[in-house]
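Below you'll find the structure, written out as structure tokens, and then a few comments.
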Amino acid sequence: MKPKSIAVFNSNDVYPISADATMPFEQQRDIFYLSGADQEETILILFPDALDKKHREVLFVRETNEHIAIWEGEKLTKERATEVSGIQTIYWLSDFDKVFFDLMTEADTVYFNTNEHYRQAVETQTREDRFIKKCKENFPAHQWAKSFPILQQIRGVKEPEELDLMQTACNITEKGFRRLLGFIKPGVWEYEIEAELLHEFIRNRSKGFAYTPIIASGNNANVLHYIENNQQCKDGDLILMDVAAEYANYSSDLTRTIPVNGKFTKRQAAVYNAVLRVKNEATKLLVPGTLWAEYHKECGKLMTSELLGLGLLDKADVQNENPDWPAYKKYFMHGTSHHIGLNTHDYGELKTPMKANMVFTVEPGIYIPEEKMGIRIEDDVVIQEKGAPFNLMANIPIEVEELEELMHA
């Protein structure tokens with residue numbers, strides 16, 4: 001941060017549905033990352049140059065009372081807020097305007113927490129947006145800066161404690177997937193599979209899915225974000241499942257594609273193993289110093305080779321391809337990797353060289369609508385200082401023979 005600057009982070013709103021119904025509260029991940037406070041109506045202030053040392057980090061929380069405790073449950077007391085966050089100076093939210101005005105008389109620059117994630121497409125005005133608007137109106141002589149570039153750097157490289165939580169999320173996901181291998185058979189419905197997973201996740205202390213589950217049997221797998229999960233699984237079809245658990249607000253992200261009847265056909269196995277080879281080779285490229293854009297070009301070359309081998313492309317397709325939309329994109333149209341952490345599509349630098357302890361998904365796929373087949377395989381891996389990445393999902397079955405064996409056990 002620049003000298004004499006103050007950074008402000010707001011919690012998420014509780015979003016209404018209609019009548020008196022609301023969506024379950026999900027904390028804004030930046031304030032959670034920085035403070036551990038997982039409660040609505042919370043504000044964090046960081047002011048390294050505050051004249052009074054106690055104001056160099058301040059947390060504002062909603063004042064609780066007996067009525068709130070009875071109807072909504074326990075909220076953070078000042079003492080408990082310090083325990084959770086490590087921050088010594090805790091104020092009630094009702095004191096925010098007064099305290100913030102006082103601190104702003106010492107500050108020159110305000111860091112706003114704008115959402116600049118490369119996938120963001122937010123239309124709703126957030127609590128953060130309202131704060132920024134009000135702050136600019138009340139303090140027009142201050143300078144503005146943005147926290148996002150700093151958060152990109154620090155959130156992209158995971159701490160050991162974060163990796164432990166992500167490993168736990170992956171372990172819970174493994175339990176859910178193994179449960180499915182004995183459950184899936186011709187005639188089951190996609191939503192029944194979703195229910196089995198949710199049962200296993202919650203009984204292992206996850207809040208549930210890290211993202212909206214994709215359970216796509218047959219040709220549904222060729223819709224990349226198929227989330228209806230309302231079709232019956234048929235004998236002879238494959239089922240693509242992009243499903244994973246969260247744990248303590250940290251995400252895991254798994255995809256496996258298995259045969260509904262427990263046995264791959266020769267063609268299905270050939271395509272599956274092609275995807276698996278791309279995944280394994282792509283994983284080896286995730287080392288410190290790799291550039292994300294160059295990595296994806298290399299993954300495209302790996303996929304092109306496999307598609308030629310499968311007869312889905314011929315040499316003329318490759319020779320005549322559009323450099324901006326290579327031939328392989330007909331069958332593999334999405335990226336191979338993204339950061340993962342507190343968000344499933346997490347913060348992390350994409351234009352600078354990769355660093356140790358960044359965590360990426362690796363998720364190639366081949367989609368063939370004319371064969372009613374879509375196959376994607378995905379694991380989560382940690383970049384190591386030296387050597388191959390560490391696979392957080394190494395224990396989750398992935399080989400054709402192992403999957404068939406477990407499904408017939």
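To be explicit about the labels: the chains of the structure tokens are called A, B, and onward in the order shown, and within each one the residues are counted from 1, while ligands get numbers from 1 in the order they are shown.
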Fill in: Close residues, range 58-71 of chain A itself excluded, 9 Å, only C-alpha atoms, min 3 positions apart in chain, as a PyMOL selection string
chain A and resi 35+37+39-47+54-55+74-78+81-82+85+87-96
Could the residues in this selection be saved with C-alpha atoms as a compact mmCIF listing (two decimals), in the first residue's frame?
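Dumped everything to part03.txt:
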```txt
# COMPACT_ATOMS: atom_id res chain seq x y z
CA SER A 35 -9.71 -11.60 9.06
CA ALA A 37 -14.69 -13.12 10.19
CA GLN A 39 -20.48 -12.95 9.59
CA GLU A 40 -22.73 -10.48 7.78
CA GLU A 41 -22.51 -6.71 8.37
CA THR A 42 -18.77 -6.78 9.06
CA ILE A 43 -16.14 -4.24 7.95
CA LEU A 44 -12.36 -4.55 8.11
CA ILE A 45 -10.04 -1.53 8.03
CA LEU A 46 -6.29 -1.75 7.45
CA PHE A 47 -4.38 1.49 8.07
CA LYS A 54 -4.68 0.48 17.83
CA HIS A 55 -6.21 1.78 14.61
CA GLU A 74 -24.95 -16.37 18.50
CA LYS A 75 -23.11 -13.48 16.84
CA LEU A 76 -19.54 -12.34 17.42
CA THR A 77 -18.92 -10.53 20.68
CA LYS A 78 -15.96 -8.16 20.73
CA ALA A 81 -14.12 -11.30 17.21
CA THR A 82 -10.58 -10.82 18.51
CA SER A 85 -9.39 -12.53 13.70
CA ILE A 87 -7.41 -8.12 15.63
CA GLN A 88 -7.32 -6.34 18.98
CA THR A 89 -9.43 -3.29 18.11
CA ILE A 90 -13.08 -4.23 17.67
CA TYR A 91 -15.92 -1.72 17.34
CA TRP A 92 -19.65 -2.14 16.86
CA LEU A 93 -20.81 -1.37 13.36
CA SER A 94 -22.88 1.54 14.67
CA ASP A 95 -19.58 3.34 15.44
CA PHE A 96 -18.23 2.98 11.90
```
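The shell of residues at most 7 Å from Ile172 in chain A, with only C-alpha atoms counted and near chain neighbours (fewer than 3 positions) removed, consists of A:Thr168, A:Ala169, A:Lys175, A:Gly176, A:Phe201, A:Asn204, A:Ala245.
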Write out the residues from the selection above, keeping N, CA, C and O atoms, as a short mmCIF file (atom, residue, chain, number, x, y, z; two decimals), in the first residue's frame.
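Output (selection-v1.cif):
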```cif
data_model
loop_
_atom_site.label_atom_id
_atom_site.label_comp_id
_atom_site.auth_asym_id
_atom_site.auth_seq_id
_atom_site.Cartn_x
_atom_site.Cartn_y
_atom_site.Cartn_z
N THR A 168 -8.43 -31.33 2.90
CA THR A 168 -9.62 -31.88 3.56
C THR A 168 -10.82 -31.85 2.63
O THR A 168 -11.59 -32.81 2.54
N ALA A 169 -11.00 -30.74 1.92
CA ALA A 169 -12.10 -30.65 0.96
C ALA A 169 -11.99 -31.74 -0.11
O ALA A 169 -12.98 -32.38 -0.48
N LYS A 175 -14.58 -39.24 -0.73
CA LYS A 175 -15.57 -40.09 -0.08
C LYS A 175 -16.88 -40.09 -0.87
O LYS A 175 -17.53 -41.13 -1.03
N GLY A 176 -17.26 -38.90 -1.34
CA GLY A 176 -18.49 -38.82 -2.13
C GLY A 176 -18.39 -39.59 -3.42
O GLY A 176 -19.31 -40.32 -3.80
N PHE A 201 -21.16 -35.45 1.57
CA PHE A 201 -20.43 -34.22 1.87
C PHE A 201 -20.83 -33.66 3.23
O PHE A 201 -19.99 -33.33 4.06
N ASN A 204 -19.74 -35.30 6.38
CA ASN A 204 -18.32 -35.12 6.66
C ASN A 204 -17.97 -33.66 6.96
O ASN A 204 -16.83 -33.24 6.81
N ALA A 245 -16.71 -30.96 -3.04
CA ALA A 245 -17.11 -30.41 -1.75
C ALA A 245 -16.31 -29.16 -1.41
O ALA A 245 -15.17 -28.99 -1.85
#
```
Item to complete: Would you mind writing down, as a ChimeraX atom specification, each residue of range 221-274 of chain A that DSSP on the backbone assigns to helix (DSSP H, G or I)?
Response: /A:221-222,266-274
If you keep N, CA and C atoms, can you produce a file of those selected residues as an mmCIF file, in the first residue's frame?
```cif
data_model
loop_
_atom_site.group_PDB
_atom_site.id
_atom_site.type_symbol
_atom_site.label_atom_id
_atom_site.label_comp_id
_atom_site.auth_asym_id
_atom_site.auth_seq_id
_atom_site.Cartn_x
_atom_site.Cartn_y
_atom_site.Cartn_z
ATOM 1 N N ALA A 221 -23.470 -34.287 -21.423
ATOM 2 C CA ALA A 221 -22.077 -33.955 -21.132
ATOM 3 C C ALA A 221 -21.487 -32.985 -22.146
ATOM 4 N N ASN A 222 -22.142 -32.817 -23.277
ATOM 5 C CA ASN A 222 -21.651 -31.879 -24.282
ATOM 6 C C ASN A 222 -22.144 -30.451 -24.052
ATOM 7 N N LYS A 266 -14.930 -50.037 -26.075
ATOM 8 C CA LYS A 266 -13.575 -49.837 -26.593
ATOM 9 C C LYS A 266 -13.369 -48.385 -27.016
ATOM 10 N N ARG A 267 -14.359 -47.790 -27.688
ATOM 11 C CA ARG A 267 -14.262 -46.410 -28.139
ATOM 12 C C ARG A 267 -14.252 -45.447 -26.952
ATOM 13 N N GLN A 268 -15.132 -45.682 -26.000
ATOM 14 C CA GLN A 268 -15.172 -44.826 -24.811
ATOM 15 C C GLN A 268 -13.836 -44.850 -24.073
ATOM 16 N N ALA A 269 -13.271 -46.036 -23.920
ATOM 17 C CA ALA A 269 -11.986 -46.170 -23.226
ATOM 18 C C ALA A 269 -10.873 -45.460 -23.988
ATOM 19 N N ALA A 270 -10.919 -45.531 -25.323
ATOM 20 C CA ALA A 270 -9.888 -44.879 -26.128
ATOM 21 C C ALA A 270 -9.933 -43.362 -25.945
ATOM 22 N N VAL A 271 -11.141 -42.790 -25.990
ATOM 23 C CA VAL A 271 -11.272 -41.341 -25.808
ATOM 24 C C VAL A 271 -10.907 -40.959 -24.375
ATOM 25 N N TYR A 272 -11.366 -41.752 -23.420
ATOM 26 C CA TYR A 272 -11.071 -41.482 -22.011
ATOM 27 C C TYR A 272 -9.561 -41.448 -21.779
ATOM 28 N N ASN A 273 -8.865 -42.450 -22.269
ATOM 29 C CA ASN A 273 -7.422 -42.523 -22.048
ATOM 30 C C ASN A 273 -6.678 -41.405 -22.767
ATOM 31 N N ALA A 274 -7.224 -40.939 -23.884
ATOM 32 C CA ALA A 274 -6.629 -39.786 -24.563
ATOM 33 C C ALA A 274 -6.718 -38.547 -23.671
#
```
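The two atoms in question, CA of Thr304 in chain A and CA of Pro326 in chain A, are spaced 8.9 Å apart.
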Worksheet item: So which bits of range 239-381 of chain A end up strand (DSSP E or B) when you DSSP the backbone, as a ChimeraX atom specification?
Response: /A:239-242,245-247,250-251,255-259,322,325,339,359-362,365-368,373-376,378-381
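In this comparison, which uses only C-alpha atoms, the residue of A:Cys170, A:Ala7, A:Ala244, A:Ile132 approaching Ile31 in chain A most closely is A:Ala7.
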Practice prompt. May I have the residues within 10 Å of Tyr191 in chain A as a ChimeraX atom specification, using only C-alpha atoms and disregarding those fewer than 5 positions away in the same chain?
Written response: /A:196-197,213,215,227-232
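You will find CA of Glu26 in chain A at 8.7 Å from CA of Asn249 in chain A.
Near range 334-340 of chain A, within a cut-off of 7 Å and counting only C-alpha atoms, sit the residues Ser251, His296, Phe332, Leu342, Asn343, Thr344, His345, Asp346, Tyr347, Gly348, Val359, Phe360, Thr361, Val362, Glu363 and Pro364 of chain A, with same-chain residues fewer than 2 positions away left out.
Closest approach to Ala210 in chain A among A:Thr173, A:Gly236, A:Phe183, A:Lys279 is made by A:Thr173 (distances from only C-alpha atoms).
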Practice prompt. For Cys299 in chain A, work out the shell of residues within 8 Å, counting only C-alpha atoms and skipping chain neighbours fewer than 3 positions away, then give it as a PyMOL selection string.
Written response: chain A and resi 278+282+295-296+302-303+336
Worksheet item: What lies within 6 Å of range 365-377 of chain A using only C-alpha atoms, ignoring chain neighbours under 3 positions off, as a ChimeraX atom specification?
Response: /A:218-219,221-222,255-257,275,331-332
Take the residues just selected and output them with N, CA, C and O atoms as a PDB file, in the first residue's frame.
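Generated file (selection28.pdb):
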```pdb
ATOM      1  N   GLY A 218     -24.862 -39.155 -20.807  1.00  0.00           N
ATOM      2  CA  GLY A 218     -25.070 -39.184 -22.252  1.00  0.00           C
ATOM      3  C   GLY A 218     -24.702 -37.876 -22.917  1.00  0.00           C
ATOM      4  O   GLY A 218     -23.656 -37.271 -22.624  1.00  0.00           O
ATOM      5  N   ASN A 219     -25.580 -37.390 -23.787  1.00  0.00           N
ATOM      6  CA  ASN A 219     -25.292 -36.184 -24.564  1.00  0.00           C
ATOM      7  C   ASN A 219     -25.321 -34.913 -23.726  1.00  0.00           C
ATOM      8  O   ASN A 219     -24.842 -33.865 -24.170  1.00  0.00           O
ATOM      9  N   ALA A 221     -23.470 -34.287 -21.423  1.00  0.00           N
ATOM     10  CA  ALA A 221     -22.077 -33.955 -21.132  1.00  0.00           C
ATOM     11  C   ALA A 221     -21.487 -32.985 -22.146  1.00  0.00           C
ATOM     12  O   ALA A 221     -20.441 -32.380 -21.896  1.00  0.00           O
ATOM     13  N   ASN A 222     -22.142 -32.817 -23.277  1.00  0.00           N
ATOM     14  CA  ASN A 222     -21.651 -31.879 -24.282  1.00  0.00           C
ATOM     15  C   ASN A 222     -22.144 -30.451 -24.052  1.00  0.00           C
ATOM     16  O   ASN A 222     -21.822 -29.551 -24.818  1.00  0.00           O
ATOM     17  N   THR A 255     -13.579 -33.525 -11.566  1.00  0.00           N
ATOM     18  CA  THR A 255     -14.416 -34.098 -12.613  1.00  0.00           C
ATOM     19  C   THR A 255     -13.965 -35.533 -12.881  1.00  0.00           C
ATOM     20  O   THR A 255     -12.767 -35.796 -12.995  1.00  0.00           O
ATOM     21  N   ARG A 256     -14.948 -36.420 -12.960  1.00  0.00           N
ATOM     22  CA  ARG A 256     -14.709 -37.792 -13.382  1.00  0.00           C
ATOM     23  C   ARG A 256     -15.815 -38.174 -14.364  1.00  0.00           C
ATOM     24  O   ARG A 256     -16.962 -37.699 -14.255  1.00  0.00           O
ATOM     25  N   THR A 257     -15.471 -39.016 -15.329  1.00  0.00           N
ATOM     26  CA  THR A 257     -16.437 -39.510 -16.306  1.00  0.00           C
ATOM     27  C   THR A 257     -16.399 -41.034 -16.262  1.00  0.00           C
ATOM     28  O   THR A 257     -15.329 -41.627 -16.444  1.00  0.00           O
ATOM     29  N   VAL A 275      -7.889 -38.337 -23.069  1.00  0.00           N
ATOM     30  CA  VAL A 275      -8.059 -37.207 -22.147  1.00  0.00           C
ATOM     31  C   VAL A 275      -7.129 -37.351 -20.949  1.00  0.00           C
ATOM     32  O   VAL A 275      -6.487 -36.384 -20.511  1.00  0.00           O
ATOM     33  N   TYR A 331     -13.371 -29.833 -30.453  1.00  0.00           N
ATOM     34  CA  TYR A 331     -13.671 -30.907 -29.501  1.00  0.00           C
ATOM     35  C   TYR A 331     -13.243 -30.575 -28.072  1.00  0.00           C
ATOM     36  O   TYR A 331     -13.615 -31.293 -27.137  1.00  0.00           O
ATOM     37  N   PHE A 332     -12.465 -29.516 -27.905  1.00  0.00           N
ATOM     38  CA  PHE A 332     -11.987 -29.110 -26.567  1.00  0.00           C
ATOM     39  C   PHE A 332     -11.959 -27.594 -26.543  1.00  0.00           C
ATOM     40  O   PHE A 332     -10.981 -26.960 -26.912  1.00  0.00           O
TER      41      PHE A 332
END
```
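Between CA of Ala145 in chain A and CA of Thr109 in chain A lies a distance of 6.8 Å.
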Val400 in chain A environment, 9 Å, only C-alpha atoms, sequence neighbours closer than 2 positions dropped, as a short mmCIF file (atom, residue, chain, number, x, y, z; two decimals) with N, CA and C atoms, in the first residue's frame:
```cif
data_model
loop_
_atom_site.label_atom_id
_atom_site.label_comp_id
_atom_site.auth_asym_id
_atom_site.auth_seq_id
_atom_site.Cartn_x
_atom_site.Cartn_y
_atom_site.Cartn_z
N ILE A 258 -17.54 -41.65 -15.98
CA ILE A 258 -17.58 -43.10 -15.78
C ILE A 258 -18.72 -43.70 -16.60
N LYS A 263 -18.89 -50.43 -17.36
CA LYS A 263 -17.94 -50.98 -18.33
C LYS A 263 -17.81 -50.02 -19.52
N PHE A 264 -16.58 -49.53 -19.76
CA PHE A 264 -16.32 -48.69 -20.92
C PHE A 264 -16.37 -49.53 -22.19
N ALA A 269 -13.27 -46.04 -23.92
CA ALA A 269 -11.99 -46.17 -23.23
C ALA A 269 -10.87 -45.46 -23.99
N TYR A 272 -11.37 -41.75 -23.42
CA TYR A 272 -11.07 -41.48 -22.01
C TYR A 272 -9.56 -41.45 -21.78
N ASN A 273 -8.87 -42.45 -22.27
CA ASN A 273 -7.42 -42.52 -22.05
C ASN A 273 -6.68 -41.41 -22.77
N PRO A 397 -10.01 -42.48 -7.51
CA PRO A 397 -9.86 -43.39 -8.66
C PRO A 397 -9.99 -42.65 -9.98
N ILE A 398 -9.13 -43.06 -10.95
CA ILE A 398 -9.10 -42.36 -12.23
C ILE A 398 -8.84 -43.28 -13.42
N GLU A 402 -9.40 -49.43 -12.79
CA GLU A 402 -9.77 -49.24 -11.38
C GLU A 402 -11.23 -48.83 -11.26
N LEU A 403 -11.68 -47.96 -12.13
CA LEU A 403 -13.07 -47.52 -12.09
C LEU A 403 -14.01 -48.70 -12.35
N GLU A 404 -13.70 -49.50 -13.36
CA GLU A 404 -14.55 -50.66 -13.68
C GLU A 404 -14.57 -51.65 -12.54
N GLU A 405 -13.42 -51.86 -11.95
CA GLU A 405 -13.33 -52.83 -10.84
C GLU A 405 -14.18 -52.38 -9.65
#
```
Fill in: Which residue of A:Leu238, A:Val382, A:Leu224, A:Leu103 approaches Glu190 in chain A most closely, using only C-alpha atoms
A:Leu238
